[in-house]
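Undergrad: Supplied structure: entry_23.tsv, TSV, C-alpha atoms.
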```tsv
chain	number	residue	atom	x	y	z
A	1	GLU	CA	85.07	120.96	27.53
A	2	ASP	CA	84.77	121.10	31.32
A	3	GLN	CA	82.12	123.47	32.57
A	4	VAL	CA	83.45	123.33	36.12
A	5	THR	CA	87.12	123.42	37.09
A	6	GLN	CA	88.37	123.01	40.63
A	7	SER	CA	91.79	123.92	41.94
A	8	PRO	CA	94.02	122.81	43.40
A	9	GLU	CA	93.54	119.09	42.77
A	10	ALA	CA	95.07	118.32	46.14
A	11	LEU	CA	95.88	120.44	49.16
A	12	ARG	CA	97.74	119.57	52.33
A	13	LEU	CA	97.32	121.86	55.31
A	14	GLN	CA	98.61	121.78	58.83
A	15	GLU	CA	95.93	121.93	61.46
A	16	GLY	CA	94.97	125.57	61.97
A	17	GLU	CA	96.37	126.73	58.62
A	18	SER	CA	93.53	128.50	56.79
A	19	SER	CA	93.18	128.30	53.01
A	20	SER	CA	90.72	128.47	50.12
A	21	LEU	CA	89.56	126.08	47.44
A	22	ASN	CA	88.55	127.42	44.06
A	23	CYS	CA	85.73	126.45	41.70
A	24	SER	CA	85.52	128.27	38.38
A	25	TYR	CA	82.70	127.76	35.90
A	26	THR	CA	82.16	128.69	32.28
A	27	VAL	CA	78.43	128.16	32.02
A	28	SER	CA	75.94	130.94	31.42
A	29	GLY	CA	72.60	131.21	33.11
A	30	LEU	CA	73.78	129.83	36.42
A	31	ARG	CA	70.86	128.79	38.56
A	32	GLY	CA	72.76	127.38	41.48
A	33	LEU	CA	76.25	126.39	42.60
A	34	PHE	CA	76.61	123.58	45.10
A	35	TRP	CA	79.42	122.48	47.39
A	36	TYR	CA	79.66	118.91	48.60
A	37	ARG	CA	82.07	117.03	50.81
A	38	GLN	CA	82.91	113.41	50.06
A	39	ASP	CA	84.66	111.04	52.44
A	40	PRO	CA	86.31	107.83	51.15
A	41	GLY	CA	83.77	105.10	50.49
A	42	LYS	CA	80.81	107.43	50.96
A	43	GLY	CA	78.52	109.53	48.80
A	44	PRO	CA	78.82	113.31	48.58
A	45	GLU	CA	77.41	115.20	51.54
A	46	PHE	CA	75.64	118.48	50.79
A	47	LEU	CA	77.25	121.59	52.27
A	48	PHE	CA	76.00	124.78	50.58
A	49	THR	CA	73.95	126.20	47.74
A	50	LEU	CA	74.78	129.63	46.31
A	51	TYR	CA	72.47	131.32	43.84
A	52	SER	CA	73.84	134.72	42.92
A	53	ALA	CA	77.07	136.69	42.82
A	54	GLY	CA	77.94	138.23	46.16
A	55	GLU	CA	76.19	135.57	48.17
A	56	GLU	CA	77.99	133.95	51.11
A	57	LYS	CA	77.14	130.94	53.29
A	58	GLU	CA	78.86	129.72	56.43
A	59	LYS	CA	78.92	126.51	58.37
A	60	GLU	CA	81.35	125.96	61.22
A	61	ARG	CA	84.85	126.41	59.76
A	62	LEU	CA	83.62	126.63	56.17
A	63	LYS	CA	82.54	129.70	54.25
A	64	ALA	CA	81.45	129.64	50.61
A	65	THR	CA	81.37	132.69	48.39
A	66	LEU	CA	80.24	133.25	44.80
A	67	THR	CA	81.23	135.66	42.05
A	68	LYS	CA	80.10	135.75	38.44
A	69	LYS	CA	82.83	133.34	37.35
A	70	GLU	CA	83.91	131.40	40.40
A	71	SER	CA	83.25	130.27	43.91
A	72	PHE	CA	85.57	129.89	46.84
A	73	LEU	CA	85.35	127.58	49.78
A	74	HIS	CA	87.30	129.14	52.63
A	75	ILE	CA	88.43	126.85	55.41
A	76	THR	CA	89.36	128.63	58.62
A	77	ALA	CA	91.60	126.91	61.17
A	78	PRO	CA	90.98	123.44	59.71
A	79	LYS	CA	91.07	120.28	61.79
A	80	PRO	CA	92.05	116.76	60.71
A	81	GLU	CA	88.35	115.82	60.52
A	82	ASP	CA	87.97	118.34	57.68
A	83	SER	CA	90.06	116.03	55.49
A	84	ALA	CA	87.91	114.97	52.54
A	85	THR	CA	87.35	115.63	48.86
A	86	TYR	CA	85.37	118.81	48.26
A	87	LEU	CA	83.23	118.85	45.15
A	88	CYS	CA	81.69	121.79	43.37
A	89	ALA	CA	78.71	121.42	41.03
A	90	VAL	CA	76.55	123.74	38.96
A	91	HIS	CA	73.00	123.75	37.73
A	92	TYR	CA	72.41	126.01	34.77
A	93	ASP	CA	69.99	126.78	32.00
A	94	ARG	CA	70.16	124.23	29.26
A	95	GLY	CA	66.63	122.97	29.41
A	96	SER	CA	67.88	121.15	32.41
A	97	THR	CA	66.23	119.99	35.60
A	98	LEU	CA	67.81	120.25	39.02
A	99	GLY	CA	68.62	116.56	39.11
A	100	ARG	CA	71.29	117.15	36.51
A	101	LEU	CA	74.33	118.78	38.02
A	102	TYR	CA	77.71	119.27	36.40
A	103	PHE	CA	80.50	118.43	38.80
A	104	GLY	CA	84.11	119.45	38.99
A	105	ARG	CA	86.79	116.85	39.66
A	106	GLY	CA	87.15	117.93	43.27
A	107	THR	CA	89.90	119.07	45.61
A	108	GLN	CA	91.33	116.43	47.91
A	109	LEU	CA	92.07	118.14	51.22
A	110	THR	CA	94.33	116.61	53.83
A	111	VAL	CA	94.73	118.29	57.20
A	112	TRP	CA	97.52	116.94	59.34
A	113	PRO	CA	97.94	117.50	63.08
B	114	LYS	CA	65.11	110.92	59.09
B	115	ALA	CA	66.68	108.14	57.07
B	116	GLY	CA	68.94	109.14	54.21
B	117	VAL	CA	69.16	107.76	50.70
B	118	THR	CA	69.67	104.02	50.82
B	119	GLN	CA	71.40	102.09	48.06
B	120	THR	CA	71.69	98.34	47.75
B	121	PRO	CA	73.82	96.41	47.38
B	122	ARG	CA	76.93	98.24	48.57
B	123	TYR	CA	79.28	96.07	46.53
B	124	LEU	CA	78.88	93.97	43.42
B	125	ILE	CA	81.28	91.91	41.38
B	126	LYS	CA	80.13	90.88	37.93
B	127	THR	CA	81.62	89.38	34.81
B	128	ARG	CA	81.72	91.01	31.39
B	129	GLY	CA	78.54	90.38	29.45
B	130	GLN	CA	76.35	89.98	32.51
B	131	GLN	CA	73.70	92.43	33.56
B	132	VAL	CA	73.14	94.10	36.92
B	133	THR	CA	70.34	95.90	38.76
B	134	LEU	CA	71.01	98.49	41.43
B	135	SER	CA	68.41	99.76	43.86
B	136	CYS	CA	67.81	103.13	45.50
B	137	SER	CA	65.36	104.23	48.17
B	138	PRO	CA	65.11	108.03	48.38
B	139	ILE	CA	64.57	110.12	51.47
B	140	SER	CA	60.96	109.93	52.55
B	141	GLY	CA	58.92	112.55	50.72
B	142	HIS	CA	61.46	113.05	47.96
B	143	ARG	CA	60.01	112.41	44.54
B	144	SER	CA	63.00	113.13	42.34
B	145	VAL	CA	65.74	110.53	41.97
B	146	SER	CA	68.93	110.97	39.97
B	147	TRP	CA	71.72	108.53	39.19
B	148	TYR	CA	75.39	109.33	38.73
B	149	GLN	CA	78.46	107.32	37.82
B	150	GLN	CA	81.71	108.18	39.59
B	151	THR	CA	85.09	107.07	38.28
B	152	PRO	CA	88.61	108.34	39.01
B	153	GLY	CA	89.05	109.32	35.37
B	154	GLN	CA	85.76	111.07	34.66
B	155	GLY	CA	84.55	112.17	38.07
B	156	LEU	CA	80.80	112.36	38.64
B	157	GLN	CA	78.77	111.95	35.47
B	158	PHE	CA	75.00	112.25	35.26
B	159	LEU	CA	73.12	109.16	34.09
B	160	PHE	CA	69.42	109.99	34.38
B	161	GLU	CA	66.74	111.58	36.52
B	162	TYR	CA	63.27	110.38	37.39
B	163	PHE	CA	60.33	112.24	38.80
B	164	SER	CA	56.91	110.73	39.44
B	165	GLU	CA	57.86	107.56	37.59
B	166	THR	CA	58.89	109.49	34.45
B	167	GLN	CA	62.39	109.96	33.10
B	168	ARG	CA	62.92	113.72	33.02
B	169	ASN	CA	66.50	113.88	31.85
B	170	LYS	CA	69.16	111.57	30.49
B	171	GLY	CA	72.93	111.88	30.26
B	172	ASN	CA	75.27	110.74	27.50
B	173	PHE	CA	75.44	107.07	28.28
B	174	PRO	CA	74.70	104.16	25.93
B	175	GLY	CA	71.34	102.45	25.88
B	176	ARG	CA	72.78	99.62	27.99
B	177	PHE	CA	72.12	101.91	30.94
B	178	SER	CA	68.48	102.17	31.86
B	179	GLY	CA	66.41	102.96	34.89
B	180	ARG	CA	62.94	103.22	36.27
B	181	GLN	CA	61.07	104.67	39.19
B	182	PHE	CA	58.22	103.11	41.07
B	183	SER	CA	55.10	104.73	42.52
B	184	ASN	CA	56.72	104.86	45.97
B	185	SER	CA	59.62	106.86	44.43
B	186	ARG	CA	62.07	104.00	44.83
B	187	SER	CA	64.28	103.62	41.78
B	188	GLU	CA	66.35	100.99	40.05
B	189	MET	CA	68.99	101.22	37.40
B	190	ASN	CA	70.03	98.41	35.13
B	191	VAL	CA	73.18	97.91	33.13
B	192	SER	CA	73.12	95.20	30.51
B	193	THR	CA	76.02	93.53	28.72
B	194	LEU	CA	78.54	94.77	31.23
B	195	GLU	CA	81.91	96.03	30.04
B	196	LEU	CA	85.11	96.46	32.02
B	197	GLY	CA	84.71	100.23	31.74
B	198	ASP	CA	81.45	100.07	33.67
B	199	SER	CA	83.39	99.48	36.86
B	200	ALA	CA	82.55	102.50	38.99
B	201	LEU	CA	80.76	103.83	42.03
B	202	TYR	CA	77.09	104.34	41.16
B	203	LEU	CA	75.44	107.02	43.21
B	204	CYS	CA	71.78	107.73	43.66
B	205	ALA	CA	70.53	111.10	44.84
B	206	SER	CA	67.11	112.38	45.77
B	207	SER	CA	65.65	115.84	46.12
B	208	LEU	CA	62.45	117.22	47.52
B	209	GLU	CA	61.27	118.73	44.27
B	210	GLY	CA	61.83	117.90	40.64
B	211	GLN	CA	62.64	121.51	39.82
B	212	GLY	CA	63.67	124.50	41.84
B	213	TYR	CA	66.56	124.81	44.22
B	214	SER	CA	66.25	121.82	46.46
B	215	PRO	CA	69.72	120.27	46.77
B	216	LEU	CA	70.50	116.69	45.88
B	217	HIS	CA	71.15	114.31	48.77
B	218	PHE	CA	73.30	111.33	47.87
B	219	GLY	CA	73.43	107.78	49.08
B	220	ASN	CA	76.71	106.00	49.76
B	221	GLY	CA	76.63	104.28	46.40
B	222	THR	CA	77.03	100.82	44.96
B	223	ARG	CA	80.59	99.86	44.06
B	224	LEU	CA	80.42	97.79	40.88
B	225	THR	CA	83.44	95.83	39.73
B	226	VAL	CA	83.35	94.16	36.32
B	227	THR	CA	85.93	91.44	35.70
```
Could I get this file's structure written as structure tokens?
TA:
Amino acid sequence: EDQVTQSPEALRLQEGESSSLNCSYTVSGLRGLFWYRQDPGKGPEFLFTLYSAGEEKEKERLKATLTKKESFLHITAPKPEDSATYLCAVHYDRGSTLGRLYFGRGTQLTVWP
Amino acid sequence: KAGVTQTPRYLIKTRGQQVTLSCSPISGHRSVSWYQQTPGQGLQFLFEYFSETQRNKGNFPGRFSGRQFSNSRSEMNVSTLELGDSALYLCASSLEGQGYSPLHFGNGTRLTVT
């Protein structure tokens, strides 16, 4: 079964219309939750790492938060250049090293002018 | 600082052939991981190398193999290619083999098997 589920699969926003992307996880022993952005034809670009419930990280129009079961990526007043697929991944205890992340399927965000 | 470099960017191969993909990590990064990305399965972990040793391996058949050199550069090989191997192959490097250093990805090699 999927350890990481992202919703919605796709999201269309008008420029300036704030929203949130969701990443829920079922793993235990979470050691880190990662957000990435992926543009077409490119590899994922690292955005944030969250380690414990209650933690928040911000970068420009993006803010990531973490609870015990899920993470949210809040996008405030998005611009067309924020259009991309946003990926969530977890690293958890399973005798696993950091190089092995479990990814969700992503949310494809489109921001139109 | 240069990012993760993967070569070639595109490959077209025929079923039954084999292929080698190359990855140069960020300078100073000793851990290299490989992932396969397909529309149907998303990003799936292949294997991870640290100091020339395979530290972790995903659930892929033995046709998929890799190695890491003393300069941390890595290669992955797929033998006896199948149509289902068509995918974007991504390499990622991190500063440490363990701990909370994030993975930094290259732009991948797009493999098409015909």
Undergrad: Can you tell me, as a PDB file with C-alpha atoms, in the frame of the given file, what residues are no more than 7 Å from Gln108 of chain A when counting only C-alpha atoms, ignoring any on the same chain fewer than 4 positions away?
TA:
```
ATOM      1  CA  GLU A   9      93.540 119.090  42.770  1.00  0.00           C
ATOM      2  CA  ALA A  10      95.070 118.320  46.140  1.00  0.00           C
ATOM      3  CA  LEU A  11      95.880 120.440  49.160  1.00  0.00           C
ATOM      4  CA  ALA A  84      87.910 114.970  52.540  1.00  0.00           C
ATOM      5  CA  THR A  85      87.350 115.630  48.860  1.00  0.00           C
ATOM      6  CA  TYR A  86      85.370 118.810  48.260  1.00  0.00           C
TER       7      TYR A  86
END
```
Undergrad: Give me the chain B side of the contact with chain A, cut-off 10 Å, one line per residue showing its nearest atom pair and distance in Å at one decimal, counting all atoms listed in the file, sorted by chain and residue number, as a Markdown table.
TA:
```
| residue | atom | partner | partner_atom | distance |
| --- | --- | --- | --- | --- |
| B:Val117 | CA | A:Gly43 | CA | 9.7 |
| B:Arg122 | CA | A:Gly41 | CA | 9.9 |
| B:Ser144 | CA | A:Gly99 | CA | 7.3 |
| B:Val145 | CA | A:Gly99 | CA | 7.3 |
| B:Ser146 | CA | A:Gly99 | CA | 5.7 |
| B:Trp147 | CA | A:Gly99 | CA | 8.6 |
| B:Tyr148 | CA | A:Arg100 | CA | 9.1 |
| B:Gln150 | CA | A:Gly43 | CA | 9.8 |
| B:Pro152 | CA | A:Arg105 | CA | 8.7 |
| B:Gly153 | CA | A:Arg105 | CA | 9.0 |
| B:Gln154 | CA | A:Arg105 | CA | 7.7 |
| B:Gly155 | CA | A:Arg105 | CA | 5.4 |
| B:Leu156 | CA | A:Phe103 | CA | 6.1 |
| B:Gln157 | CA | A:Tyr102 | CA | 7.5 |
| B:Phe158 | CA | A:Arg100 | CA | 6.3 |
| B:Leu159 | CA | A:Arg100 | CA | 8.5 |
| B:Phe160 | CA | A:Arg100 | CA | 7.7 |
| B:Glu161 | CA | A:Gly99 | CA | 5.9 |
| B:Tyr162 | CA | A:Gly99 | CA | 8.4 |
| B:Phe163 | CA | A:Gly99 | CA | 9.4 |
| B:Arg168 | CA | A:Thr97 | CA | 7.5 |
| B:Asn169 | CA | A:Thr97 | CA | 7.2 |
| B:Lys170 | CA | A:Arg100 | CA | 8.5 |
| B:Gly171 | CA | A:Arg100 | CA | 8.3 |
| B:Leu201 | CA | A:Gly41 | CA | 9.1 |
| B:Tyr202 | CA | A:Gly43 | CA | 9.3 |
| B:Leu203 | CA | A:Gly43 | CA | 6.9 |
| B:Cys204 | CA | A:Gly43 | CA | 8.7 |
| B:Ala205 | CA | A:Gly99 | CA | 8.1 |
| B:Ser206 | CA | A:Gly99 | CA | 8.0 |
| B:Ser207 | CA | A:Gly99 | CA | 7.6 |
| B:Glu209 | CA | A:Leu98 | CA | 8.5 |
| B:Gly210 | CA | A:Leu98 | CA | 6.6 |
| B:Gln211 | CA | A:Leu98 | CA | 5.4 |
| B:Gly212 | CA | A:Leu98 | CA | 6.6 |
| B:Tyr213 | CA | A:Leu98 | CA | 7.0 |
| B:Ser214 | CA | A:Leu98 | CA | 7.8 |
| B:Pro215 | CA | A:Thr49 | CA | 7.3 |
| B:Leu216 | CA | A:Gly99 | CA | 7.0 |
| B:His217 | CA | A:Phe46 | CA | 6.5 |
| B:Phe218 | CA | A:Gly43 | CA | 5.6 |
| B:Gly219 | CA | A:Gly43 | CA | 5.4 |
| B:Asn220 | CA | A:Gly43 | CA | 4.1 |
| B:Gly221 | CA | A:Gly43 | CA | 6.1 |
| B:Thr222 | CA | A:Gly43 | CA | 9.6 |
| B:Arg223 | CA | A:Gly41 | CA | 8.9 |
```
Undergrad: Fewer than 4 positions away in the same chain doesn't count, so skip those; otherwise give me all residues within 12 Å of Glu60 of chain A, counting all atoms listed in the file, as a PyMOL selection string.
TA: chain A and resi 47-48+64+74-79+82
Undergrad: How far is it from atom CA of Gly197 of chain B to atom CA of Ser137 of chain B, in Å with one decimal?
TA: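 Rounded to one decimal, the two atoms are 25.7 Å apart.
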Undergrad: Using atom CA of Gly116 of chain B and atom CA of Arg176 of chain B as the two end points, give the distance in Å to one decimal.
TA: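 About the pair atom CA of Gly116 of chain B and atom CA of Arg176 of chain B: they are 28.2 Å apart.
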Undergrad: As a list of chain:residue names, please: the residues near Ser7 of chain A (cut-off 7 Å, all atoms listed in the file, same-chain neighbours under 2 positions excluded).
TA: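 Listed by chain and then number, they are A:Thr5, A:Glu9, A:Leu21, A:Asn22, A:Cys23, A:Thr107.
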Undergrad: So how many Å separate atom CA of Lys68 of chain A and atom CA of Cys88 of chain A, to one decimal?
TA: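 For atom CA of Lys68 of chain A relative to atom CA of Cys88 of chain A, the distance reads 14.9 Å.
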Undergrad: Using all atoms listed in the file, pick whichever of B:Gln167, B:Ser199, B:Thr120, B:Ser185 has the shortest atom-to-atom distance to Pro138 of chain B.
TA: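 Selected residue with least distance to Pro138 of chain B: B:Ser185.
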